Every structure is written in structure tokens, then in C-alpha cells.
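One structure below.
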Amino acid sequence: MTKKLLMIDDDPDFVAGIKAILDNAGFEVEVAYNPKEGLHALQTKQYDLLLLDIMMGRGAEGIMIARKLRKDVKLREMPVLIITGMREQIAFLFPGEPIHPRFVEVDELVEKPVEPKMLIEKVNSLILTAETKKAGKK
Amino acid sequence: MTDTISFSQEVSNLLYAAEGEPIKTCIQCGTCSGTCPVAGYMDYTPRQIIAMINQGMKEQVLESNTFWYCASCYHCTVRCPQDINITELMYALKRYSIWKGQHKEGLIGPTFSEAFVKMIVRGGRSFEPILAPSYIFSFGLRELLQEVTNATELLLKGRLPILPARIKRLDNFKRIIGRIIPMGGLE
Ligand code: SF4
Ligand code: SF4
């Protein structure tokens, strides 16, 4: 079955690139360009994975979405891949290495720019991990 | 969920709880520019900037000093007949240009913002004697001397602290920031 992904990211150029890669790899990708639209989509439809940007709107609004997911019994089972360029965006604040976010059960953080092969691998393995976890719970 | 979005939509998405595209409803009446105390120093007036955003003139908007010169006085916002939050728009443009790393050279705004945020993260609060020199060295000697004169007067009158005050439980504060944003390097 085709896996359905949601991408929440405010940068149209970046979205176009990532979406093309994932479309090519056979995923169905929906896009929300702002946190509000994204949250609405998450609450009304079902996705196999969320690709989430951090710096949006008034600041780190991607984090606010991740926190909302954590509180939602159903949504917190969905795997999340955070793709962020924030270190480059506000590098003066974050010179170190990114830390594993652990907002939901299955998540990971990668930094922009993303290498296509790595992106597809990560997406596949996150979906698999989440499915295995879910199956184990039953 | 459209295929791609325009510059004015991108900017609208940066506004707080953006409903649709508020900027699109501008009727170009010029009330904002007429009321703005710094319009005379801006490359483009607030009204012009809004027209340019709606025309998708991204490069010219980002290259301008307009939003960095905005003093956040909120006069324009209070008086806009279309209820456009122009001040918030100016902040949105600052974020946009910082995040994209694209802004006019030689402006105090970006350097000052950086120095300010760094200081808050390190010490938990603002400390002017460090803040001032960290950005003022990028500018002229005359401005620097003027600042030093002002600072000395403030010091003598007891209005400027000599040592930076650190907040209590600074470690906690840093941990909180680390939890909000999953990035390292907060030392
Ligand atoms: S006051 Fe409002 S409607 Fe008039 S030009 Fe300015 S933004 Fe547009
Ligand atoms: S808030 Fe900014 S743009 Fe608006 S009137 Fe004041 S200085 Fe001008």
C-alpha cells in the first residue's frame, strides 16, 4: 500500500525538492506551508509519517506541533522526522550537535540540506519501527 | 494545500495565527507611511513595502532597510483602516531575513539581535555594557565615542550596573531552552 506522508514546512523551495524525491520513491506526499494548516490536516486525516520543520511562524512552532502530538493518544504513535535548517538559520545560538528530540515514540532529527538516499532510508526505517512497535502492542 | 506558494503567502505564514492573507487586503491608502515616525529614513515606506510584497518583489524587499528601521511604535497598526498588523509584519520580515541569512549589509539590527539573544541564553538576562560594545564595534568611531560618553554618564549616575547580574538557577534556565529546542551547543 502506498504510504501517505505529511510535510509541514514553510519554505516552498525546500518543499519542492523534498516532495519530488519522495514522489519519485513512490510516496504520497501532502504539504502544509504553515503550522496551523498542518495541525488541521493531522487532526482530520491519517498519515504514516510526518516530516516536520522547526523554525516556522513566530519561531520554533514546529516544536509546538511536536508537543501537541505527544499529548495526543492516537497521533503520538505516528513517526516524526524533523528536518530543520535552524542551526544554519540561527547558528550563532547553536554551534553544537543536534540532540535526538524524543518528542514522540519514534522520531529523529536531520539537518537541511538532506541527501536523497538518506532521506528515503530514514523515512522507510521510521515507518517500519513505528509499525513494529504498534504490532507488538496488540 | 496548494502546489506552491507566493512570497506574500510566505510572509503571511510568518504572522501570528495568520488567517488567509491579511496583507492582500491593503488598499494602499498610505495611512501607515503618513503616521510612521521613521518613514523618512526607510528605503521604502511601509505602504510601499506592502505593495512590493504583494507584487512578489522578494529580493528588493529583503534588500531594504525598512523593517530593520521599524521602531515598533505600533502607530501604523492602530490606524490602518484594514486592520493589518503592520508592526507584526515588520517583525515577520526580520525573522524571514535572519532565517534566510539574507539582509542588507551594515545594519545595526541583525548584529544587535544576535548579540542580544546570545547574551540572554548565556546569562539569563540582558546586560547593557556587554551588549553595546558587541555591536558597536561594527560601526563608526564617532558613534562609539558617543555611546561611551553616554554609558559613562549612566555609570556615574548609578543607572548602569558594573558587573553582569546572572539569574538564579542559570543551569535550569539553560536546560529549559535545551528542552524547547533539540539543539546542542548551549554552553
Ligand atoms: S494603512 Fe493599512 S490599508 Fe493603508 S496603506 Fe497602510 S497597510 Fe495598506
Ligand atoms: S510600527 Fe514601525 S512601521 Fe509602524 S509606524 Fe511605527 S516605526 Fe513605522
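Going through the C-alpha cells in order, the chains are called A, B, and so on, while each chain numbers its residues from 1 and the ligands are numbered from 1 in the order shown.
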
### Message
Neighbours of ligand 1 at 8 Å or closer, counting only C-alpha atoms and all ligand atoms: which residues, as a list in words?
### Response
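Those residues are Ile23, Thr25, Cys26, Ile27, Gln28, Cys29, Gly30, Thr31, Cys32, Ser33, Pro46, Arg47, Gln48, Ile50, Cys76, Thr77, Arg79, Cys80, Pro81, Gln82, Asp83, Ile84, Asn85 and Ile86 of chain B.
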
#### Entry: Protein and nucleic residues near ligand 2, 10 Å, only C-alpha atoms and all ligand atoms, as a ChimeraX atom specification
/B:31-40,42,45-47,49,66-80,85-91

Hey, which bits of chain A sit within 8 Å of chain B, and for each residue what's the closest pair of atoms and how far apart in Å (one decimal), counting only C-alpha atoms, rows by chain and increasing number, as a Markdown table?
| residue | atom | partner | partner_atom | distance |
| --- | --- | --- | --- | --- |
| A:Asp10 | CA | B:Glu10 | CA | 6.9 |
| A:Asp11 | CA | B:Glu10 | CA | 7.6 |
| A:Pro12 | CA | B:Thr4 | CA | 6.1 |
| A:Ala16 | CA | B:Thr4 | CA | 7.8 |
| A:Glu30 | CA | B:Met1 | CA | 7.6 |
| A:Val31 | CA | B:Met1 | CA | 6.2 |
| A:Ala32 | CA | B:Met1 | CA | 6.0 |
| A:Tyr33 | CA | B:Asn13 | CA | 7.3 |
| A:Asn34 | CA | B:Asn13 | CA | 5.7 |
| A:Lys36 | CA | B:Ala17 | CA | 7.4 |
| A:Met56 | CA | B:Leu14 | CA | 6.6 |
| A:Gly57 | CA | B:Leu14 | CA | 3.9 |
| A:Arg58 | CA | B:Leu14 | CA | 6.0 |
| A:Ala60 | CA | B:Ile181 | CA | 7.5 |
| A:Ile63 | CA | B:Ile180 | CA | 7.0 |
| A:Met86 | CA | B:Trp99 | CA | 7.6 |
| A:Arg87 | CA | B:Met183 | CA | 7.8 |
| A:Glu88 | CA | B:Trp99 | CA | 7.8 |
| A:Gln89 | CA | B:Trp99 | CA | 4.3 |
| A:Ile90 | CA | B:Trp99 | CA | 6.6 |
| A:Phe92 | CA | B:Glu114 | CA | 7.0 |
| A:Leu93 | CA | B:Lys118 | CA | 6.3 |
| A:Phe94 | CA | B:Gly185 | CA | 5.0 |
| A:Pro95 | CA | B:Gly185 | CA | 5.0 |
| A:Gly96 | CA | B:Gly185 | CA | 3.7 |
| A:Glu97 | CA | B:Gly184 | CA | 5.0 |
| A:Pro98 | CA | B:Met183 | CA | 4.3 |
| A:Ile99 | CA | B:Pro182 | CA | 5.3 |
| A:His100 | CA | B:Pro182 | CA | 6.8 |
| A:Pro101 | CA | B:Pro182 | CA | 5.3 |

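From atom CA of Glu63 of chain B back to atom CA of Lys104 of chain B, the distance works out to 5.0 Å.
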
### Secondary structure check, helix (DSSP H, G or I) residues of segment 51-109 of chain B, as JSON, numbers by chain
{"B": [51, 52, 53, 54, 58, 59, 60, 61, 62, 63, 66, 67, 68, 69, 75, 76, 77, 78, 79, 86, 87, 88, 89, 90, 91, 92, 93, 94, 95, 96, 97, 98, 99, 108, 109]}

### Query
Any idea what the distance is between atom CA of Asp23 of chain A and atom CA of Glu105 of chain A?
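Going from atom CA of Asp23 of chain A over to atom CA of Glu105 of chain A, I get 25.8 Å.
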
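Put simply, atom CA of Gln46 of chain A is 9.3 Å away from atom CA of Met78 of chain A.
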
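Every protein or nucleic acid residue with an atom no more than 12 Å from Glu121 of chain A, counting only C-alpha atoms and leaving out same-chain residues fewer than 6 positions away, appears here: Ile21, Leu22, Ala25, Leu81, Val114, Glu115, Ile127 and Leu128 of chain A.
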
Resulting file, chosen residues, C-alpha atoms, as a tab-separated table (two decimals), in the first residue's frame:
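Ended up saving to part_4.tsv:
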chain	number	residue	atom	x	y	z
A	21	ILE	CA	12.37	12.97	-4.14
A	22	LEU	CA	9.61	11.30	-2.14
A	25	ALA	CA	10.23	6.95	-4.42
A	81	LEU	CA	11.13	13.07	11.03
A	114	VAL	CA	19.11	16.43	3.11
A	115	GLU	CA	20.74	13.83	0.92
A	127	ILE	CA	7.70	3.87	9.35
A	128	LEU	CA	8.88	0.31	9.90

Quick one: everything within 12 Å of Thr132 of chain A, counting only C-alpha atoms, minus sequence neighbours fewer than 5 positions away in the same chain. Send it as an mmCIF file with N, CA, C and O atoms, in the first residue's frame.
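Result file follows (result08.cif):
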data_model
loop_
_atom_site.group_PDB
_atom_site.id
_atom_site.type_symbol
_atom_site.label_atom_id
_atom_site.label_comp_id
_atom_site.auth_asym_id
_atom_site.auth_seq_id
_atom_site.Cartn_x
_atom_site.Cartn_y
_atom_site.Cartn_z
ATOM 1 N N GLU A 77 1.574 7.913 18.078
ATOM 2 C CA GLU A 77 2.112 6.678 17.505
ATOM 3 C C GLU A 77 2.681 6.906 16.109
ATOM 4 O O GLU A 77 3.365 6.053 15.564
ATOM 5 N N MET A 78 2.396 8.072 15.550
ATOM 6 C CA MET A 78 2.892 8.362 14.205
ATOM 7 C C MET A 78 4.374 8.760 14.269
ATOM 8 O O MET A 78 4.773 9.578 15.092
ATOM 9 N N PRO A 79 5.196 8.172 13.390
ATOM 10 C CA PRO A 79 6.610 8.553 13.401
ATOM 11 C C PRO A 79 6.823 9.969 12.856
ATOM 12 O O PRO A 79 6.084 10.407 11.971
ATOM 13 N N GLU A 105 7.208 8.647 20.309
ATOM 14 C CA GLU A 105 7.881 7.355 20.445
ATOM 15 C C GLU A 105 8.933 7.130 19.374
ATOM 16 O O GLU A 105 10.028 6.657 19.636
ATOM 17 N N VAL A 106 8.567 7.429 18.136
ATOM 18 C CA VAL A 106 9.511 7.225 17.039
ATOM 19 C C VAL A 106 9.784 8.557 16.347
ATOM 20 O O VAL A 106 8.942 9.086 15.629
ATOM 21 N N SER A 125 12.723 3.491 7.434
ATOM 22 C CA SER A 125 13.023 2.814 8.699
ATOM 23 C C SER A 125 12.150 3.351 9.838
ATOM 24 O O SER A 125 11.731 2.598 10.719
ATOM 25 N N LEU A 126 11.822 4.640 9.802
ATOM 26 C CA LEU A 126 10.942 5.182 10.850
ATOM 27 C C LEU A 126 9.545 4.578 10.754
ATOM 28 O O LEU A 126 8.951 4.199 11.769
ATOM 29 N N ILE A 127 9.033 4.455 9.539
ATOM 30 C CA ILE A 127 7.697 3.872 9.352
ATOM 31 C C ILE A 127 7.704 2.421 9.839
ATOM 32 O O ILE A 127 6.806 1.992 10.569
ATOM 33 N N LYS A 137 2.365 -4.064 20.414
ATOM 34 C CA LYS A 137 1.465 -3.646 21.484
ATOM 35 C C LYS A 137 0.157 -4.425 21.484
ATOM 36 O O LYS A 137 -0.532 -4.493 22.496
ATOM 37 N N LYS A 138 -0.189 -4.951 20.296
ATOM 38 C CA LYS A 138 -1.502 -5.582 20.177
ATOM 39 C C LYS A 138 -1.554 -6.942 20.855
ATOM 40 O O LYS A 138 -0.563 -7.581 21.048
#
